[in-house]
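Participant: Here you go, coords.txt (compact mmCIF, C-alpha atoms):
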# COMPACT_ATOMS: atom_id res chain seq x y z
CA PHE Y 1386 95.21 75.50 114.40
CA ILE Y 1387 97.54 77.85 116.26
CA THR Y 1388 99.19 78.86 112.99
CA LEU Y 1389 95.79 79.54 111.41
CA LEU Y 1390 94.70 81.64 114.40
CA TYR Y 1391 97.89 83.70 114.21
CA THR Y 1392 97.40 84.26 110.47
CA ILE Y 1393 93.82 85.44 110.96
CA LYS Y 1394 94.89 87.82 113.73
CA PHE Y 1395 97.74 89.21 111.59
CA GLU Y 1396 95.45 89.79 108.61
CA TYR Y 1397 92.92 91.55 110.86
CA ARG Y 1398 95.56 93.95 112.05
CA MET Y 1399 96.20 94.98 108.45
CA ARG Y 1400 92.60 96.22 108.00
CA LEU Y 1401 91.56 99.78 108.75
CA THR Y 1402 88.69 98.88 111.06
CA PRO Y 1403 86.44 101.27 113.01
CA ASP Y 1404 88.06 99.97 116.20
CA LEU Y 1405 91.55 100.77 114.91
CA ILE Y 1406 90.44 104.28 113.96
CA GLU Y 1407 88.82 104.84 117.36
CA GLU Y 1408 91.94 103.67 119.21
CA ALA Y 1409 94.37 105.70 117.07
CA CYS Y 1410 96.05 108.80 118.45
CA GLN Y 1411 94.03 111.98 117.85
CA PHE Y 1412 95.43 115.42 118.67
CA VAL Y 1413 95.71 119.07 117.71
CA ASN Y 1414 98.97 119.51 115.78
CA PRO Y 1415 101.22 122.62 115.77
CA LEU Y 1416 99.13 124.05 112.91
CA LYS Y 1417 96.14 123.93 115.29
CA GLU Y 1418 94.53 121.29 113.10
CA ARG Y 1419 92.82 118.15 114.34
CA GLU Y 1420 94.99 115.23 113.22
CA LEU Y 1421 94.39 111.48 113.13
CA ASP Y 1422 97.58 109.44 113.41
CA LEU Y 1423 97.38 106.13 111.53
CA ARG Y 1424 101.10 105.68 110.91
CA ALA Y 1425 102.73 102.26 110.79
CA LYS Y 1426 99.59 100.18 111.28
CA LYS Y 1427 100.24 97.76 108.36
CA ILE Y 1428 97.18 99.21 106.61
CA GLN Y 1429 96.72 98.01 103.03
CA ILE Y 1430 93.36 99.47 102.04
CA ILE Y 1431 91.73 102.79 102.93
CA GLU Y 1432 88.25 102.04 104.26
CA ASN Y 1433 85.79 102.77 107.07
CA LEU Y 1434 86.75 106.45 107.37
CA ALA Y 1435 83.07 107.38 107.48
CA CYS Y 1436 83.23 106.55 111.18
CA THR Y 1437 85.41 109.65 111.69
CA SER Y 1438 82.33 111.79 110.97
CA ASP Y 1439 84.57 114.21 109.06
CA GLN Y 1440 86.17 115.55 112.26
CA PHE Y 1441 89.78 115.83 111.07
CA ASP Y 1442 91.81 118.37 109.11
CA CYS Y 1443 94.76 116.01 108.69
CA ILE Y 1444 95.14 112.23 108.44
CA ASP Y 1445 98.58 110.65 108.57
CA PHE Y 1446 98.86 107.27 106.79
CA SER Y 1447 102.67 107.26 106.63
CA ASP Y 1448 104.64 104.00 106.80
CA ASN Y 1449 101.82 101.64 105.83
CA GLU Y 1450 101.29 99.35 102.83
CA ILE Y 1451 98.60 101.24 100.91
CA LYS Y 1452 98.60 100.68 97.14
CA ARG Y 1453 95.55 102.64 95.99
CA LEU Y 1454 94.57 106.17 96.92
CA ASP Y 1455 90.83 105.62 97.03
CA GLY Y 1456 88.08 104.40 99.35
CA PHE Y 1457 87.40 107.78 100.97
CA PRO Y 1458 83.91 108.89 101.99
CA LEU Y 1459 83.06 112.57 101.60
CA LEU Y 1460 85.50 114.36 103.93
CA SER Y 1461 84.88 118.06 103.34
CA ARG Y 1462 86.99 119.15 106.30
CA LEU Y 1463 90.12 117.22 105.31
CA SER Y 1464 92.86 119.54 104.03
CA MET Y 1465 96.03 117.46 104.51
CA LEU Y 1466 96.85 113.84 103.64
CA LEU Y 1467 100.22 112.30 104.52
CA LEU Y 1468 101.10 109.02 102.80
CA ASN Y 1469 104.89 108.83 103.02
CA ASN Y 1470 106.52 105.44 102.52
CA ASN Y 1471 103.58 103.41 101.28
CA LYS Y 1472 103.15 101.48 98.02
CA VAL Y 1473 100.72 103.80 96.23
CA CYS Y 1474 100.69 103.07 92.51
CA ARG Y 1475 97.20 104.28 91.62
CA ILE Y 1476 95.21 107.43 92.40
CA SER Y 1477 91.45 107.36 91.97
CA GLU Y 1478 90.16 109.76 89.32
CA ASP Y 1479 87.23 110.47 91.65
CA LEU Y 1480 89.44 111.51 94.56
CA TYR Y 1481 88.46 115.16 94.14
CA ALA Y 1482 84.81 114.33 94.94
CA SER Y 1483 85.71 112.75 98.27
CA VAL Y 1484 88.28 115.31 99.48
CA PRO Y 1485 87.21 118.55 97.73
CA ASN Y 1486 89.17 120.84 100.07
CA LEU Y 1487 92.47 118.98 100.08
CA GLU Y 1488 95.38 121.46 100.10
CA THR Y 1489 98.38 119.32 101.04
CA LEU Y 1490 99.14 115.86 99.64
CA VAL Y 1491 102.40 114.13 100.55
CA LEU Y 1492 103.17 110.97 98.54
CA THR Y 1493 106.91 110.82 99.15
CA GLY Y 1494 108.37 107.34 98.80
CA ASN Y 1495 105.66 105.50 96.86
CA SER Y 1496 105.38 103.52 93.61
CA LEU Y 1497 103.85 105.90 91.05
CA GLU Y 1498 105.68 105.13 87.81
CA GLU Y 1499 104.01 106.81 84.82
CA LEU Y 1500 102.81 110.35 84.19
CA SER Y 1501 99.40 108.86 83.45
CA ASP Y 1502 99.31 107.57 87.04
CA LEU Y 1503 98.94 111.20 88.16
CA ALA Y 1504 95.67 111.82 86.30
CA GLY Y 1505 93.68 111.64 89.53
CA LEU Y 1506 95.39 114.80 90.81
CA HIS Y 1507 94.14 117.07 88.03
CA GLN Y 1508 90.74 117.86 89.52
CA LEU Y 1509 91.97 118.59 93.04
CA SER Y 1510 91.24 122.27 92.51
CA LYS Y 1511 92.43 123.44 95.95
CA LEU Y 1512 95.67 121.46 96.08
CA LYS Y 1513 98.60 123.79 96.91
CA TYR Y 1514 101.38 121.61 98.33
CA LEU Y 1515 102.33 118.35 96.60
CA SER Y 1516 105.26 116.01 97.12
CA LEU Y 1517 105.98 113.09 94.81
CA MET Y 1518 109.62 112.75 95.76
CA ARG Y 1519 111.08 109.22 95.66
CA ASN Y 1520 108.51 107.94 93.19
CA PRO Y 1521 109.78 106.43 89.90
CA VAL Y 1522 107.64 108.93 87.98
CA THR Y 1523 109.93 111.79 89.03
CA THR Y 1524 112.64 110.42 86.71
CA LYS Y 1525 110.44 110.83 83.63
CA PRO Y 1526 111.45 113.55 81.17
CA LYS Y 1527 109.49 116.78 81.73
CA TYR Y 1528 107.89 115.34 84.89
CA ARG Y 1529 107.89 118.68 86.72
CA LEU Y 1530 106.43 120.63 83.79
CA PHE Y 1531 103.76 117.96 83.33
CA VAL Y 1532 102.60 118.23 86.94
CA ILE Y 1533 102.68 122.04 86.83
CA HIS Y 1534 100.43 122.04 83.77
CA HIS Y 1535 97.99 119.38 84.90
CA CYS Y 1536 97.75 120.60 88.51
CA PRO Y 1537 97.50 124.38 88.03
CA SER Y 1538 96.51 125.11 91.63
CA VAL Y 1539 99.75 123.64 93.05
CA ARG Y 1540 102.15 126.30 94.35
CA VAL Y 1541 104.89 124.13 95.84
CA LEU Y 1542 105.97 120.89 94.15
CA ASP Y 1543 108.53 118.64 95.83
CA TYR Y 1544 109.47 121.46 98.24
CA LYS Y 1545 110.24 123.88 95.40
CA ARG Y 1546 107.99 126.86 94.77
CA ILE Y 1547 106.71 126.90 91.21
CA LYS Y 1548 107.96 129.90 89.25
CA GLN Y 1549 106.04 131.78 86.58
CA GLN Y 1550 108.72 130.84 84.04
CA GLU Y 1551 107.97 127.19 84.75
CA ARG Y 1552 104.25 127.75 84.27
CA ASN Y 1553 104.92 129.43 80.94
CA ALA Y 1554 107.17 126.58 79.84
CA ALA Y 1555 104.59 124.00 80.91
CA LYS Y 1556 101.85 125.81 79.01
CA LYS Y 1557 103.98 125.95 75.89
CA MET Y 1558 104.97 122.28 76.10
CA PHE Y 1559 101.60 120.74 76.96
CA GLY Y 1560 99.27 122.69 74.74
CA GLY Y 1561 97.83 125.81 76.26
CA LYS Y 1562 95.23 126.39 78.91
CA VAL Y 1563 93.96 123.57 81.09
CA PRO Y 1564 90.22 123.09 80.39
CA ASP Y 1565 88.11 124.66 83.12
CA LYS Y 1566 85.02 122.60 82.40
CA ALA Y 1567 83.32 121.54 85.61
CA PRO Y 1568 83.82 117.82 86.22
CA GLU Y 1569 80.84 115.52 86.43
CA LYS Y 1570 79.78 114.73 89.96
CA ALA Y 1571 81.33 111.49 91.10
CA LYS Y 1572 79.66 108.94 93.28
CA THR Y 1573 80.79 109.08 96.87
CA PHE Y 1574 79.34 108.50 100.30
CA VAL Y 1575 78.85 110.70 103.33
CA PRO Y 1576 80.05 109.96 106.88
CA GLY Y 1577 77.15 108.64 108.92
CA GLU Y 1578 75.49 106.85 106.00
CA PRO Y 1579 75.82 103.10 105.42
CA VAL Y 1580 79.18 102.53 103.69
CA LYS Y 1581 80.42 99.72 101.84
CA LYS Y 1582 112.19 105.96 107.07
CA VAL Y 1583 113.87 108.36 108.98
CA GLN Y 1584 114.83 111.79 107.63
CA THR Y 1585 118.34 112.05 106.24
CA ALA Y 1586 120.52 115.14 106.59
CA GLN Y 1587 119.91 115.86 102.91
CA ASP Y 1588 116.14 115.65 103.41
CA LYS Y 1589 116.25 118.05 106.34
CA GLU Y 1590 118.41 120.49 104.43
CA ALA Y 1591 115.91 120.48 101.55
CA ILE Y 1592 113.11 121.37 103.97
CA ARG Y 1593 115.18 124.13 105.60
CA ALA Y 1594 115.89 125.58 102.15
CA ALA Y 1595 112.18 125.54 101.38
CA ILE Y 1596 111.46 127.34 104.68
CA ALA Y 1597 114.00 130.03 103.78
CA LYS Y 1598 112.22 130.63 100.48
CA ALA Y 1599 108.69 130.49 101.88
CA SER Y 1600 106.66 133.64 101.31
CA SER Y 1601 103.85 133.18 103.83
CA LEU Y 1602 103.56 132.38 107.52
CA ASP Y 1603 101.20 129.48 106.80
CA GLU Y 1604 103.70 127.86 104.46
CA ILE Y 1605 106.53 128.31 106.96
CA ARG Y 1606 104.47 126.69 109.72
CA ARG Y 1607 103.64 123.71 107.54
CA LEU Y 1608 107.26 123.19 106.58
CA GLU Y 1609 108.46 123.58 110.14
CA LEU Y 1610 105.90 120.99 111.26
CA MET Y 1611 107.21 118.56 108.65
CA LEU Y 1612 110.78 119.16 109.78
CA SER Y 1613 110.34 119.05 113.53
CA SER Y 1614 107.46 116.69 114.27
CA GLY Y 1615 108.73 113.66 112.40
CA SER Y 1616 105.28 113.15 110.90
CA ILE Y 1617 106.68 113.10 107.38
CA PRO Y 1618 109.66 110.77 107.57
CA GLY Y 1619 109.99 110.32 103.84
CA PHE Y 1620 110.95 113.88 102.93
Could you write out this structure as structure tokens?

Facilitator:
Amino acid sequence: FITLLYTIKFEYRMRLTPDLIEEACQFVNPLKERELDLRAKKIQIIENLACTSDQFDCIDFSDNEIKRLDGFPLLSRLSMLLLNNNKVCRISEDLYASVPNLETLVLTGNSLEELSDLAGLHQLSKLKYLSLMRNPVTTKPKYRLFVIHHCPSVRVLDYKRIKQQERNAAKKMFGGKVPDKAPEKAKTFVPGEPVKKVQTAQDKEAIRAAIAKASSLDEIRRLELMLSSGSIPGF
């Protein structure tokens, strides 16, 4: 009986419950954004975020056990998602409908293996900063050109600013202009409605190099936050 009780308690801790969200640290980060800190909570599934009432600009899911990037309600305010050091191997193709204003997505240290696993990123029309470092997919031939072509709004990929020469090469390799047809509206739900590793020296140097090459104050602030706050341990 004691063993069973312990098992039930352990499994409960791995769920993203409304109570866990309410008790999590909430603060204004150095970018003056409202951030919800859900790091290292043994979370496996993204759920129950409707109870946040879309009050956050940034949610940090780093160092959990999440396998699927889905389960979001409509979070129009959310502009940054941090998912370092999880087990993400699938990205929902309807993600764009739930987080339409997402600008920064950090998936460093996950389990994305194939280029086809990145299909869910294509319709994130406002995505500017993307990290897929330490995913098996980054070893695929032409990985960088593929992402550049299929995610045309991205400006910085894996801490390297995308150059026009790369865009031209990606266009030549993957067949011309990306279709600009408006996607069909995906089913989602609205908050309030009923809803169903430590940084290495090399990592830090890569971020400092990116800061040196940054061309805007906003980009510099974001990179400095990643370097100094420890909120992105997988870079």

Participant: Could you state the separation of atom CA of Y:Lys1545 and atom CA of Y:Leu1506 in Å, given to one decimal place?

Facilitator: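 If I compute the distance from atom CA of Y:Lys1545 to atom CA of Y:Leu1506, I get 18.0 Å.
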
Participant: For a quick check of understanding, using all atoms listed in the file, which of Y:Ala1555, Y:Val1473, Y:Ile1428, Y:Ile1533 has the smallest distance to Y:Arg1519?

Facilitator: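 Smallest distance to Y:Arg1519 is found for Y:Val1473.
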
Participant: Distance atom CA of Y:Arg1424-atom CA of Y:Ala1482, one decimal place?

Facilitator: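 Computing the Euclidean distance for atom CA of Y:Arg1424 and atom CA of Y:Ala1482 yields 24.4 Å.
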
Participant: Using Å and a single decimal, report how far atom CA of Y:Asp1439 sits from atom CA of Y:Arg1462.

Facilitator: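 Going from atom CA of Y:Arg1462 over to atom CA of Y:Asp1439, I get 6.2 Å.
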
Participant: So that I can check the surroundings of stretch 1510-1513 of chain Y, please list as a ChimeraX atom specification every protein, DNA and RNA residue that reaches within 6 Å of it, counting only C-alpha atoms and ignoring chain neighbours fewer than 5 positions away.

Facilitator: /Y:1486-1488,1538-1540

Participant: So that I can see what lies close to Y:Phe1412, please list as a PyMOL selection string the residues with an atom at most 8 Å from it, counting only C-alpha atoms and leaving out residues fewer than 5 positions away in the same chain.

Facilitator: chain Y and resi 1419-1421

Participant: Around (107.1, 120.1, 95.2) in the file's own coordinates, what residues are found within 9 Å if you use all atoms listed in the file, given back as a PyMOL selection string?

Facilitator: chain Y and resi 1514-1518+1529+1539-1547

Participant: Would you list the residues near (97.0, 106.1, 86.8), meaning any protein, DNA or RNA residue with an atom at most 10 Å from that point in file coordinates, counting only C-alpha atoms, as a PyMOL selection string?

Facilitator: chain Y and resi 1453+1474-1478+1497-1506

Participant: So which one's closest to Y:Gln1508, Y:Leu1405, Y:Leu1608, Y:Leu1480, Y:Leu1454? Using only C-alpha atoms, please.

Facilitator: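 Of all the options, Y:Leu1480 lies closest to Y:Gln1508.
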
Participant: Go through Y:Glu1408, Y:Glu1418, Y:Asp1442, Y:Glu1590 and flag the residue nearest Y:Leu1463, using all atoms listed in the file for the distances.

Facilitator: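 With all atoms listed in the file as the atom set, the closest residue is Y:Asp1442.
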
Participant: Which residues come within 6 Å of Y:Asn1470, counting all atoms listed in the file, excluding same-chain residues fewer than 4 positions away, as number ranges by chain?

Facilitator: Y: 1447-1448, 1494-1495

Participant: Which residue out of Y:Arg1552, Y:His1535, Y:Lys1527, Y:Arg1400 has the minimum interatomic distance to Y:Gln1429 when only C-alpha atoms are used?

Facilitator: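 Closest to Y:Gln1429, using only C-alpha atoms: Y:Arg1400.
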
Participant: Between Y:Pro1458, Y:Ile1592, Y:Cys1443, Y:Lys1417, which residue has the minimum interatomic distance to Y:Val1484, considering all atoms listed in the file?

Facilitator: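 For Y:Val1484, the nearest of the given residues is Y:Pro1458.
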
Participant: Hey, can I get the axis-aligned box for stretch 1456-1475 of chain Y? All listed atoms, 4 Å padding on each side, centre and edge lengths in Å to one decimal, as AutoDock Vina command-line options.

Facilitator:
--center_x 94.8 --center_y 110.5 --center_z 99.0 --size_x 31.5 --size_y 26.1 --size_z 22.7

Participant: Using only C-alpha atoms, which residue out of Y:Asp1422, Y:Glu1551, Y:Glu1432, Y:Asp1479 lies closest to Y:Asp1445?

Facilitator: Y:Asp1422

Participant: Save C-alpha atoms of stretch 1491-1553 of chain Y from the block above as a PDB file, in the first residue's frame.

Facilitator:
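This went into result_34.pdb:
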ATOM      1  CA  VAL Y1491      14.283  27.327 -28.027  1.00  0.00           C
ATOM      2  CA  LEU Y1492      14.372  23.539 -28.511  1.00  0.00           C
ATOM      3  CA  THR Y1493      18.022  22.955 -27.670  1.00  0.00           C
ATOM      4  CA  GLY Y1494      18.767  19.431 -26.476  1.00  0.00           C
ATOM      5  CA  ASN Y1495      15.700  17.501 -27.646  1.00  0.00           C
ATOM      6  CA  SER Y1496      14.959  14.447 -29.816  1.00  0.00           C
ATOM      7  CA  LEU Y1497      13.866  15.793 -33.204  1.00  0.00           C
ATOM      8  CA  GLU Y1498      15.426  13.418 -35.735  1.00  0.00           C
ATOM      9  CA  GLU Y1499      14.053  13.999 -39.240  1.00  0.00           C
ATOM     10  CA  LEU Y1500      13.548  17.117 -41.337  1.00  0.00           C
ATOM     11  CA  SER Y1501       9.893  16.121 -41.601  1.00  0.00           C
ATOM     12  CA  ASP Y1502       9.648  16.477 -37.808  1.00  0.00           C
ATOM     13  CA  LEU Y1503      10.019  20.241 -38.300  1.00  0.00           C
ATOM     14  CA  ALA Y1504       6.893  20.638 -40.447  1.00  0.00           C
ATOM     15  CA  GLY Y1505       4.981  22.191 -37.553  1.00  0.00           C
ATOM     16  CA  LEU Y1506       7.312  25.211 -37.582  1.00  0.00           C
ATOM     17  CA  HIS Y1507       6.466  26.324 -41.112  1.00  0.00           C
ATOM     18  CA  GLN Y1508       3.317  28.288 -40.286  1.00  0.00           C
ATOM     19  CA  LEU Y1509       4.752  30.154 -37.304  1.00  0.00           C
ATOM     20  CA  SER Y1510       4.746  33.355 -39.340  1.00  0.00           C
ATOM     21  CA  LYS Y1511       6.226  35.598 -36.618  1.00  0.00           C
ATOM     22  CA  LEU Y1512       9.021  33.279 -35.497  1.00  0.00           C
ATOM     23  CA  LYS Y1513      12.371  35.143 -35.522  1.00  0.00           C
ATOM     24  CA  TYR Y1514      14.700  33.259 -33.170  1.00  0.00           C
ATOM     25  CA  LEU Y1515      14.952  29.469 -33.354  1.00  0.00           C
ATOM     26  CA  SER Y1516      17.377  27.045 -31.746  1.00  0.00           C
ATOM     27  CA  LEU Y1517      17.450  23.347 -32.609  1.00  0.00           C
ATOM     28  CA  MET Y1518      20.982  22.752 -31.389  1.00  0.00           C
ATOM     29  CA  ARG Y1519      21.718  19.296 -29.946  1.00  0.00           C
ATOM     30  CA  ASN Y1520      18.884  17.617 -31.818  1.00  0.00           C
ATOM     31  CA  PRO Y1521      19.753  14.676 -34.122  1.00  0.00           C
ATOM     32  CA  VAL Y1522      18.103  16.504 -37.023  1.00  0.00           C
ATOM     33  CA  THR Y1523      20.936  19.059 -37.106  1.00  0.00           C
ATOM     34  CA  THR Y1524      23.262  16.366 -38.489  1.00  0.00           C
ATOM     35  CA  LYS Y1525      21.111  15.875 -41.591  1.00  0.00           C
ATOM     36  CA  PRO Y1526      22.576  17.091 -44.886  1.00  0.00           C
ATOM     37  CA  LYS Y1527      21.296  20.565 -45.815  1.00  0.00           C
ATOM     38  CA  TYR Y1528      19.529  20.895 -42.447  1.00  0.00           C
ATOM     39  CA  ARG Y1529      20.221  24.622 -42.148  1.00  0.00           C
ATOM     40  CA  LEU Y1530      19.102  25.424 -45.699  1.00  0.00           C
ATOM     41  CA  PHE Y1531      15.950  23.364 -45.185  1.00  0.00           C
ATOM     42  CA  VAL Y1532      14.960  25.314 -42.080  1.00  0.00           C
ATOM     43  CA  ILE Y1533      15.775  28.643 -43.737  1.00  0.00           C
ATOM     44  CA  HIS Y1534      13.500  27.807 -46.657  1.00  0.00           C
ATOM     45  CA  HIS Y1535      10.610  26.363 -44.681  1.00  0.00           C
ATOM     46  CA  CYS Y1536      10.704  28.983 -41.912  1.00  0.00           C
ATOM     47  CA  PRO Y1537      11.191  32.202 -43.911  1.00  0.00           C
ATOM     48  CA  SER Y1538      10.445  34.531 -40.994  1.00  0.00           C
ATOM     49  CA  VAL Y1539      13.368  33.196 -38.906  1.00  0.00           C
ATOM     50  CA  ARG Y1540      16.278  35.655 -38.671  1.00  0.00           C
ATOM     51  CA  VAL Y1541      18.577  33.818 -36.264  1.00  0.00           C
ATOM     52  CA  LEU Y1542      18.953  30.031 -36.412  1.00  0.00           C
ATOM     53  CA  ASP Y1543      21.067  28.233 -33.802  1.00  0.00           C
ATOM     54  CA  TYR Y1544      22.596  31.571 -32.718  1.00  0.00           C
ATOM     55  CA  LYS Y1545      23.759  32.402 -36.239  1.00  0.00           C
ATOM     56  CA  ARG Y1546      22.123  35.223 -38.168  1.00  0.00           C
ATOM     57  CA  ILE Y1547      20.793  34.025 -41.504  1.00  0.00           C
ATOM     58  CA  LYS Y1548      22.552  35.651 -44.443  1.00  0.00           C
ATOM     59  CA  GLN Y1549      20.975  36.580 -47.763  1.00  0.00           C
ATOM     60  CA  GLN Y1550      23.353  34.196 -49.528  1.00  0.00           C
ATOM     61  CA  GLU Y1551      21.925  31.371 -47.430  1.00  0.00           C
ATOM     62  CA  ARG Y1552      18.375  32.373 -48.318  1.00  0.00           C
ATOM     63  CA  ASN Y1553      19.284  32.368 -51.999  1.00  0.00           C
TER      64      ASN Y1553
END
